[in-house]
>>> print(open('upload02.txt').read())   # compact mmCIF, C-alpha atoms and all ligand atoms
# COMPACT_ATOMS: atom_id res chain seq x y z
CA MET A 164 -14.22 18.68 -2.63
CA THR A 165 -13.21 17.21 0.71
CA PRO A 166 -10.10 18.98 2.01
CA TYR A 167 -7.01 16.83 2.65
CA GLU A 168 -6.69 16.10 6.37
CA PRO A 169 -3.02 15.73 7.26
CA GLY A 170 -1.78 13.86 10.34
CA ARG A 171 -1.91 16.21 13.33
CA PRO A 172 1.36 18.07 14.05
CA ILE A 173 3.12 17.28 17.37
CA ASP A 174 3.04 20.92 18.59
CA ASP A 175 -0.67 21.16 17.90
CA VAL A 176 -1.44 18.11 20.05
CA ARG A 177 0.99 19.22 22.76
CA ARG A 178 -0.74 22.61 23.00
CA GLU A 179 -4.17 20.99 23.20
CA LEU A 180 -3.39 18.24 25.70
CA GLY A 181 -0.49 19.74 27.62
CA LEU A 182 1.35 16.39 27.51
CA GLU A 183 5.12 16.34 27.68
CA ARG A 184 5.83 13.41 25.39
CA ILE A 185 3.97 13.23 22.10
CA ILE A 186 4.78 10.50 19.58
CA LYS A 187 3.64 11.04 16.01
CA LEU A 188 2.96 7.85 14.10
CA ALA A 189 0.54 9.48 11.69
CA SER A 190 2.17 10.58 8.44
CA ASN A 191 4.53 7.77 7.40
CA GLU A 192 7.59 9.95 7.86
CA GLY A 193 11.03 8.46 8.48
CA PRO A 194 11.65 7.85 12.20
CA TYR A 195 15.12 9.47 12.24
CA PRO A 196 16.48 12.87 11.13
CA PRO A 197 17.74 13.33 7.55
CA PHE A 198 21.05 11.57 6.80
CA PRO A 199 24.02 13.37 8.44
CA SER A 200 25.46 14.18 4.99
CA ALA A 201 22.18 15.90 4.04
CA ILE A 202 22.09 17.96 7.25
CA ALA A 203 25.72 19.05 6.74
CA ALA A 204 25.13 19.94 3.07
CA VAL A 205 22.03 21.99 3.91
CA ALA A 206 23.85 23.88 6.67
CA ALA A 207 26.68 24.68 4.26
CA ALA A 208 24.27 25.82 1.54
CA ALA A 209 22.09 28.03 3.76
CA ALA A 210 24.14 31.18 3.15
CA GLY A 211 23.75 30.81 -0.61
CA GLN A 212 19.97 30.93 -0.56
CA ARG A 213 19.92 34.64 -1.53
CA LEU A 214 19.70 33.29 -5.07
CA TYR A 215 16.74 31.59 -6.71
CA PRO A 216 17.16 27.82 -6.93
CA ASP A 217 18.11 26.03 -10.15
CA PRO A 218 14.75 25.75 -11.96
CA GLY A 219 15.90 22.56 -13.68
CA ALA A 220 17.09 21.00 -10.41
CA TRP A 221 20.02 19.68 -12.43
CA GLY A 222 22.02 18.49 -9.44
CA VAL A 223 19.20 16.15 -8.41
CA ARG A 224 18.46 15.09 -11.96
CA ASP A 225 22.14 14.25 -12.63
CA ALA A 226 22.30 12.25 -9.41
CA LEU A 227 19.09 10.39 -10.34
CA CYS A 228 20.37 9.75 -13.88
CA SER A 229 23.30 7.83 -12.52
CA HIS A 230 21.28 6.13 -9.76
CA LEU A 231 18.44 5.02 -12.00
CA GLY A 232 20.02 4.74 -15.45
CA VAL A 233 17.42 6.86 -17.24
CA PRO A 234 18.04 10.01 -19.35
CA ALA A 235 17.73 13.44 -17.71
CA ASN A 236 14.91 14.52 -20.04
CA THR A 237 12.70 11.78 -18.56
CA ILE A 238 13.11 13.06 -14.98
CA LEU A 239 11.11 15.88 -13.37
CA ILE A 240 11.75 17.03 -9.80
CA GLY A 241 8.78 18.38 -7.85
CA ASN A 242 7.87 20.07 -4.56
CA GLY A 243 6.97 16.66 -3.15
CA VAL A 244 5.08 14.03 -5.12
CA ASP A 245 1.89 15.79 -4.03
CA SER A 246 2.75 18.69 -6.29
CA LEU A 247 3.70 16.34 -9.14
CA ILE A 248 0.31 14.65 -8.80
CA LYS A 249 -1.40 18.04 -9.25
CA LEU A 250 0.82 18.84 -12.23
CA ILE A 251 0.18 15.49 -13.93
CA CYS A 252 -3.59 15.97 -13.49
CA MET A 253 -3.46 19.63 -14.56
CA THR A 254 -1.55 18.74 -17.71
CA LEU A 255 -3.52 15.68 -18.79
CA LEU A 256 -7.08 15.85 -17.46
CA ASP A 257 -10.03 17.92 -18.71
CA PRO A 258 -13.69 17.72 -17.72
CA GLY A 259 -15.11 14.52 -19.19
CA ASP A 260 -11.80 12.65 -18.87
CA GLU A 261 -11.49 9.86 -16.33
CA LEU A 262 -8.88 8.90 -13.77
CA VAL A 263 -9.09 5.26 -12.64
CA MET A 264 -7.59 4.18 -9.31
CA GLY A 265 -8.11 1.84 -6.36
CA ASP A 266 -10.16 2.54 -3.24
CA PRO A 267 -9.21 3.05 -0.45
CA SER A 268 -6.06 4.70 -1.67
CA PHE A 269 -4.01 7.90 -1.70
CA ILE A 270 -6.41 10.83 -1.93
CA SER A 271 -4.19 13.34 -3.69
CA TRP A 272 -4.88 11.53 -6.98
CA LYS A 273 -8.62 11.94 -6.44
CA GLN A 274 -8.17 15.59 -5.55
CA GLY A 275 -6.00 16.25 -8.59
CA ALA A 276 -8.67 14.79 -10.85
CA ALA A 277 -11.52 16.59 -9.05
CA ILE A 278 -9.78 19.98 -9.41
CA GLN A 279 -9.69 19.41 -13.17
CA GLY A 280 -13.37 18.51 -13.25
CA ALA A 281 -12.43 15.00 -14.38
CA THR A 282 -14.38 11.90 -13.35
CA ILE A 283 -12.90 9.46 -10.85
CA ARG A 284 -13.60 5.75 -11.28
CA THR A 285 -12.49 3.44 -8.51
CA ALA A 286 -11.88 -0.29 -8.19
CA GLN A 287 -11.98 -2.32 -4.98
CA LEU A 288 -8.67 -3.57 -3.63
CA ALA A 289 -7.73 -7.23 -3.30
CA ASP A 290 -8.31 -8.77 0.15
CA ASP A 291 -4.65 -8.24 1.12
CA GLY A 292 -4.96 -4.48 0.56
CA SER A 293 -3.00 -4.44 -2.69
CA TYR A 294 -4.43 -3.10 -5.94
CA ASP A 295 -6.60 -5.66 -7.78
CA LEU A 296 -5.24 -5.05 -11.27
CA ASP A 297 -8.04 -7.00 -13.01
CA ALA A 298 -10.67 -4.94 -11.18
CA LEU A 299 -8.74 -1.79 -12.09
CA ALA A 300 -8.57 -2.75 -15.78
CA ALA A 301 -12.32 -3.40 -15.74
CA GLN A 302 -12.93 0.27 -14.80
CA ILE A 303 -11.16 1.59 -17.91
CA THR A 304 -13.44 3.11 -20.57
CA PRO A 305 -12.77 5.01 -23.81
CA SER A 306 -12.76 8.24 -21.72
CA THR A 307 -10.04 7.05 -19.32
CA LYS A 308 -6.83 9.09 -19.61
CA LEU A 309 -4.95 8.08 -16.46
CA VAL A 310 -4.89 4.83 -14.53
CA VAL A 311 -3.06 5.03 -11.21
CA VAL A 312 -1.54 2.11 -9.33
CA VAL A 313 -0.39 3.00 -5.81
CA SER A 314 1.94 0.24 -4.68
CA PRO A 315 2.66 -0.26 -1.86
CA ASN A 316 -0.76 1.27 -1.38
CA ASN A 317 -1.50 3.97 1.17
CA PRO A 318 -3.34 3.41 3.56
CA THR A 319 -3.29 -0.41 3.32
CA GLY A 320 0.41 -1.19 2.70
CA GLY A 321 -0.28 -3.98 0.17
CA ALA A 322 1.79 -4.19 -3.01
CA VAL A 323 1.15 -5.75 -6.41
CA SER A 324 3.62 -8.35 -7.73
CA ALA A 325 6.27 -7.36 -10.26
CA SER A 326 4.98 -9.81 -12.86
CA ALA A 327 1.31 -8.79 -12.49
CA LEU A 328 2.28 -5.14 -12.79
CA ALA A 329 4.34 -5.72 -15.95
CA ALA A 330 1.50 -7.68 -17.57
CA PHE A 331 -1.05 -4.99 -16.59
CA VAL A 332 1.02 -2.18 -18.12
CA ARG A 333 1.65 -4.20 -21.32
CA ALA A 334 -2.05 -4.92 -21.83
CA LEU A 335 -3.32 -1.33 -21.44
CA PRO A 336 -4.97 0.33 -24.43
CA ASP A 337 -2.96 3.14 -26.09
CA HIS A 338 -5.29 5.95 -24.97
CA VAL A 339 -4.53 5.30 -21.28
CA ILE A 340 -1.43 6.55 -19.46
CA PRO A 341 -0.46 4.33 -16.52
CA VAL A 342 1.05 5.91 -13.41
CA LEU A 343 2.78 3.88 -10.71
CA ASP A 344 2.99 5.74 -7.39
CA GLU A 345 5.99 4.18 -5.67
CA ALA A 346 6.19 6.53 -2.66
CA TYR A 347 7.08 3.52 -0.47
CA PHE A 348 9.32 1.80 -3.05
CA GLU A 349 12.28 1.45 -0.69
CA TYR A 350 10.23 -0.70 1.71
CA LEU A 351 9.12 -3.29 -0.85
CA SER A 352 10.08 -6.88 -0.04
CA ALA A 353 12.86 -8.55 -2.07
CA GLY A 354 11.68 -9.29 -5.60
CA GLY A 355 9.17 -6.44 -5.47
CA HIS A 356 8.34 -4.28 -8.47
CA ASP A 357 10.61 -1.57 -9.83
CA GLY A 358 8.73 0.84 -12.08
CA VAL A 359 11.92 2.51 -13.28
CA ALA A 360 13.32 -0.86 -14.41
CA LEU A 361 10.10 -1.37 -16.40
CA ILE A 362 10.65 2.02 -18.06
CA ARG A 363 14.27 1.10 -18.86
CA GLU A 364 12.92 -2.04 -20.54
CA GLY A 365 10.68 0.13 -22.74
CA ALA A 366 7.35 0.24 -20.85
CA ARG A 367 5.22 3.34 -21.43
CA LEU A 368 4.76 4.28 -17.79
CA VAL A 369 4.95 7.22 -15.39
CA VAL A 370 6.60 6.50 -12.02
CA THR A 371 6.48 8.83 -9.00
CA ARG A 372 8.81 8.50 -6.00
CA THR A 373 9.53 10.68 -2.99
CA PHE A 374 12.35 11.68 -0.67
CA SER A 375 9.79 12.17 2.12
CA LYS A 376 9.67 8.64 3.50
CA ALA A 377 12.77 6.41 3.51
CA TYR A 378 15.09 9.40 2.92
CA ALA A 379 13.49 11.34 5.82
CA LEU A 380 13.22 14.64 3.94
CA ALA A 381 9.45 15.22 4.30
CA GLY A 382 9.90 18.77 5.63
CA PHE A 383 12.00 19.81 2.64
CA ARG A 384 9.28 18.81 0.12
CA ILE A 385 11.01 17.01 -2.74
CA GLY A 386 10.02 14.10 -4.96
CA TYR A 387 10.41 13.11 -8.60
CA MET A 388 8.74 11.47 -11.54
CA ILE A 389 10.13 9.46 -14.42
CA ALA A 390 8.04 9.69 -17.57
CA PRO A 391 8.29 9.92 -21.36
CA ALA A 392 10.20 13.10 -22.31
CA GLU A 393 7.15 14.43 -24.16
CA LEU A 394 5.05 14.45 -20.97
CA ILE A 395 7.86 16.03 -18.94
CA GLY A 396 8.04 18.76 -21.60
CA LEU A 397 4.30 19.40 -21.38
CA ILE A 398 4.37 19.64 -17.58
CA GLY A 399 7.32 22.03 -17.93
CA ARG A 400 4.92 24.50 -19.55
CA VAL A 401 2.52 24.63 -16.59
CA ARG A 402 4.72 24.23 -13.54
CA ASN A 403 6.25 27.09 -11.54
CA ALA A 404 9.90 27.54 -12.49
CA PHE A 405 11.19 27.77 -8.90
CA ASP A 406 8.91 25.26 -7.22
CA VAL A 407 11.70 23.08 -5.78
CA ASN A 408 13.56 25.11 -3.17
CA GLY A 409 17.33 25.27 -3.09
CA LEU A 410 17.87 23.52 0.23
CA ALA A 411 15.60 20.64 -0.79
CA GLN A 412 17.72 20.12 -3.89
CA VAL A 413 20.93 20.14 -1.83
CA ALA A 414 19.43 17.70 0.70
CA ALA A 415 18.31 15.28 -2.02
CA VAL A 416 21.69 15.26 -3.78
CA ALA A 417 23.53 14.66 -0.50
CA SER A 418 21.11 11.88 0.46
CA LEU A 419 21.54 10.12 -2.87
CA SER A 420 25.33 10.28 -2.49
CA ASP A 421 25.28 8.94 1.06
CA THR A 422 27.88 6.18 1.25
CA ASP A 423 27.39 5.21 4.89
CA GLY A 424 24.52 2.83 4.23
CA HIS A 425 21.93 4.91 6.09
CA LEU A 426 19.14 4.09 3.66
CA ALA A 427 19.61 0.31 3.79
CA HIS A 428 20.15 0.33 7.54
CA ARG A 429 17.00 2.35 8.24
CA VAL A 430 14.85 0.34 5.84
CA ARG A 431 16.06 -2.86 7.57
CA GLU A 432 15.16 -1.44 10.97
CA VAL A 433 11.71 -0.28 9.85
CA THR A 434 10.86 -3.66 8.35
CA ALA A 435 12.05 -5.49 11.47
CA GLU A 436 10.08 -3.09 13.68
CA ARG A 437 7.02 -3.52 11.46
CA ALA A 438 7.09 -7.25 12.20
CA MET A 439 7.45 -6.51 15.92
CA VAL A 440 4.55 -4.03 15.95
CA ASP A 441 2.42 -6.43 13.89
CA MET A 442 3.04 -9.17 16.46
CA GLY A 443 2.34 -6.80 19.34
CA LEU A 444 -0.98 -5.70 17.83
CA ARG A 445 -1.97 -9.32 17.13
CA ALA A 446 -1.36 -10.12 20.77
CA PHE A 447 -4.19 -7.63 21.50
CA GLY A 448 -6.49 -9.47 19.09
CA LEU A 449 -6.06 -6.94 16.28
CA ALA A 450 -5.36 -8.02 12.69
CA PRO A 451 -3.25 -5.52 10.73
CA LEU A 452 -3.17 -5.95 6.95
CA PRO A 453 0.06 -7.35 5.46
CA SER A 454 2.26 -4.34 4.70
CA GLN A 455 5.26 -3.67 2.47
CA ALA A 456 5.49 -0.07 3.63
CA ASN A 457 6.41 1.79 6.83
CA PHE A 458 2.91 1.62 8.31
CA LEU A 459 0.19 -0.83 9.26
CA LEU A 460 -3.54 -0.50 8.64
CA VAL A 461 -5.55 -1.89 11.53
CA PRO A 462 -9.25 -2.72 10.99
CA MET A 463 -11.26 -1.91 14.13
CA GLY A 464 -14.64 -3.32 13.11
CA SER A 465 -16.46 0.01 12.84
CA ALA A 466 -15.77 3.69 12.23
CA ASP A 467 -16.96 4.45 15.75
CA ARG A 468 -14.46 2.04 17.31
CA ALA A 469 -11.65 3.35 15.08
CA ASN A 470 -12.41 6.94 16.07
CA ARG A 471 -12.63 6.07 19.75
CA LEU A 472 -9.30 4.24 19.63
CA ASN A 473 -7.77 7.23 17.85
CA SER A 474 -9.00 9.56 20.62
CA ALA A 475 -7.92 7.19 23.40
CA LEU A 476 -4.40 6.99 21.93
CA LEU A 477 -4.27 10.75 21.38
CA ALA A 478 -5.19 11.36 25.03
CA ARG A 479 -2.12 9.27 25.89
CA GLY A 480 0.18 11.24 23.59
CA ILE A 481 0.18 8.90 20.59
CA ILE A 482 -0.91 10.41 17.27
CA VAL A 483 -2.06 7.79 14.75
CA ARG A 484 -4.17 8.34 11.65
CA PRO A 485 -7.85 7.55 11.41
CA ALA A 486 -8.18 6.21 7.85
CA GLY A 487 -11.64 7.66 7.09
CA ALA A 488 -10.19 10.33 4.81
CA PHE A 489 -8.60 7.56 2.72
CA GLY A 490 -11.89 5.71 2.39
CA ALA A 491 -11.36 3.20 5.23
CA PRO A 492 -13.34 4.74 8.14
CA GLU A 493 -13.32 1.52 10.17
CA CYS A 494 -9.50 1.48 10.34
CA ILE A 495 -6.62 3.33 11.91
CA ARG A 496 -3.20 3.57 10.29
CA ILE A 497 -0.08 3.40 12.43
CA THR A 498 3.28 4.55 11.09
CA ILE A 499 6.29 2.50 12.20
CA GLY A 500 8.46 4.71 14.39
CA ARG A 501 11.73 4.24 16.27
CA PRO A 502 11.91 1.13 18.49
CA ASP A 503 11.26 3.17 21.67
CA GLU A 504 8.27 4.90 20.06
CA ASN A 505 6.78 1.62 18.88
CA LEU A 506 7.13 0.11 22.34
CA ALA A 507 5.55 3.20 23.90
CA MET A 508 2.63 2.92 21.45
CA LEU A 509 2.12 -0.78 22.23
CA ALA A 510 2.37 -0.07 25.96
CA VAL A 511 -0.58 2.36 25.88
CA MET A 512 -2.51 0.35 23.28
CA ALA A 513 -3.68 -2.18 25.87
CA GLU A 514 -5.04 0.59 28.06
CA ALA A 515 -6.65 2.42 25.13
CA LEU A 516 -8.37 -0.78 23.92
CA GLN A 517 -9.65 -1.50 27.40
CA GLU A 518 -11.04 2.01 27.62
CA ILE A 519 -12.92 1.86 24.31
CA ASP A 520 -14.31 -1.60 24.94
CA ALA A 521 -15.44 -0.70 28.46
CA VAL A 522 -17.78 1.98 27.04
C1 LIG B 1 1.17 6.97 -1.92
C2 LIG B 1 1.70 8.34 -1.72
N1 LIG B 1 2.03 9.07 -2.79
C3 LIG B 1 2.53 10.31 -2.66
C4 LIG B 1 2.71 10.88 -1.43
C5 LIG B 1 3.20 12.30 -1.36
O1 LIG B 1 4.52 12.38 -0.98
P1 LIG B 1 5.28 13.76 -0.89
O2 LIG B 1 5.66 13.95 0.53
O3 LIG B 1 6.47 13.59 -1.80
O4 LIG B 1 4.38 14.85 -1.39
C6 LIG B 1 2.40 10.17 -0.28
C7 LIG B 1 2.55 10.77 1.04
O5 LIG B 1 2.04 10.35 2.04
C8 LIG B 1 1.88 8.86 -0.44
O6 LIG B 1 1.52 8.13 0.62
>>> encode(input="upload02.txt", output="structure tokens")
Amino acid sequence: MTPYEPGRPIDDVRRELGLERIIKLASNEGPYPPFPSAIAAVAAAAAGQRLYPDPGAWGVRDALCSHLGVPANTILIGNGVDSLIKLICMTLLDPGDELVMGDPSFISWKQGAAIQGATIRTAQLADDGSYDLDALAAQITPSTKLVVVVSPNNPTGGAVSASALAAFVRALPDHVIPVLDEAYFEYLSAGGHDGVALIREGARLVVTRTFSKAYALAGFRIGYMIAPAELIGLIGRVRNAFDVNGLAQVAAVASLSDTDGHLAHRVREVTAERAMVDMGLRAFGLAPLPSQANFLLVPMGSADRANRLNSALLARGIIVRPAGAFGAPECIRITIGRPDENLAMLAVMAEALQEIDAV
């Protein structure tokens, strides 16, 4: 197995390069701190952490029930979606089973399948970086147990249309369980898909979402899945009882109850900044893929050029993500940061491009 290579931490790069200002645009985190209500709730709850957390994470589940309009026994809270991915694979996949997904795409799904000794079958993406659902369907065999649609897809940012997704899920054979990874759901353009709405309408579908991105809680590690109650029950038998820590639960509940419009405001800013960064990169002759997430994938022509740009940016204090680990070695992925961070990135980009092209 290839180990997962996370975006480099700020302190790590600061230690290595001795630079004062490091900007991390590498892991698709939210650009601002958690919502003020979440920070206040966590501070207030800190003294109570002598006790084990609620193993059922009922506070979060109740809040999600009312937010999403689905019953509590169809909701499972996890230690980030990453851990839910492992649990889904652990529960459903055996050697000889197949997981079908797009490529390049989010590697945790591949890792989850590989750990189980299952076979991974991949389908090429459409030209716009979204999942090609016909190509995906063509990879399904009688041994396929799980078919995963990551939309918006990481690392490309492309999303499938709501109608194509609904038709794809409806047409699947009964022996296949579809999973929709909606980690970047909040950033979808108007009219985009809503996996939970499909479930409410009766679709047999598993949806995963996270608090790590638009809710800015990546450090707390909390995400959730909505799935048929039977599957949630099965996963309940293999998961660790206390895998979602108490402060993460408190932070998620407070974030869901935020009434100050932080989520909408931040999503608006990120999408406006994404357009600005896209334009800025185009002015340098680059051609980012169309994105409905909080990042842009930038093809650089070759893996060598992508790696050299990554190093040139790093030397100037900007951490981006070479996309080789995702299966796109000729690209770099840039997370949309705060306006000042994005401008700082664009300001050194010209210099970094000059440096790599001068070699
Ligand atoms: C598509 C996708 N799914 C899932 C995750 C995992 O999110 P979490 O932080 O909840 O583990 C990520 C994180 O980058 C992602 O990009």
>>> residues_near_ligand(input="upload02.txt", ligand="ligand LIG 1 (chain B)", cutoff="6 Å", atoms="only C-alpha atoms and all ligand atoms", output="list in words")
Gly243, Val244, Asp245, Phe269, Val313, Asn317, Asp344, Ala346, Thr373, Ser375, Ala381, Ile385 and Gly386 of chain A
>>> closest_residue(input="upload02.txt", among="A:Trp272, A:Phe458, A:Phe198, A:Tyr350", to="Val312 in chain A", atoms="all atoms listed in the file")
A:Trp272
>>> atom_distance(input="upload02.txt", atom1="CA of Arg484 in chain A", atom2="CA of Pro169 in chain A")
8.7 Å
>>> residues_around(input="upload02.txt", residues="Gly170 in chain A", least_positions_apart="3", cutoff="8 Å", atoms="all atoms listed in the file", output="list in words")
Ala189, Ser190, Ile482, Val483 and Arg484 of chain A
>>> atom_distance(input="upload02.txt", atom1="CA of Val332 in chain A", atom2="CA of Gly265 in chain A")
15.4 Å
>>> residues_near_point(input="upload02.txt", point="(5.9, 18.9, -5.3)", cutoff="9 Å", atoms="all atoms listed in the file", output="count of residues only")
17
>>> residues_around(input="upload02.txt", residues="range 359-363 of chain A", least_positions_apart="4", cutoff="8 Å", atoms="only C-alpha atoms", output="ChimeraX atom specification")
/A:231-233,329,367-368,370,389
>>> closest_residue(input="upload02.txt", among="A:Asn505, A:Thr371, A:Ser352, A:Ser268", to="Val430 in chain A", atoms="all atoms listed in the file")
A:Ser352
>>> axis_aligned_box(input="upload02.txt", around="range 412-431 of chain A", padding_each_side="8 Å", output="AutoDock Vina command-line options")
--center_x 21.4 --center_y 8.6 --center_z 2.2 --size_x 29.0 --size_y 39.0 --size_z 28.1
>>> closest_residue(input="upload02.txt", among="A:Glu493, A:Leu262, A:Ile185, A:Pro199", to="Met508 in chain A", atoms="only C-alpha atoms")
A:Ile185
>>> residues_around(input="upload02.txt", residues="range 432-438 of chain A", least_positions_apart="5", cutoff="9 Å", atoms="all atoms listed in the file", output="list in words")
Gly193, Pro194, Tyr350, Ala427, Gly443, Ser454, Gln455, Ala456, Asn457, Phe458, Leu459, Thr498, Ile499, Gly500, Arg501, Pro502 and Asn505 of chain A
>>> atom_distance(input="upload02.txt", atom1="CA of Leu288 in chain A", atom2="CA of Phe331 in chain A")
15.1 Å
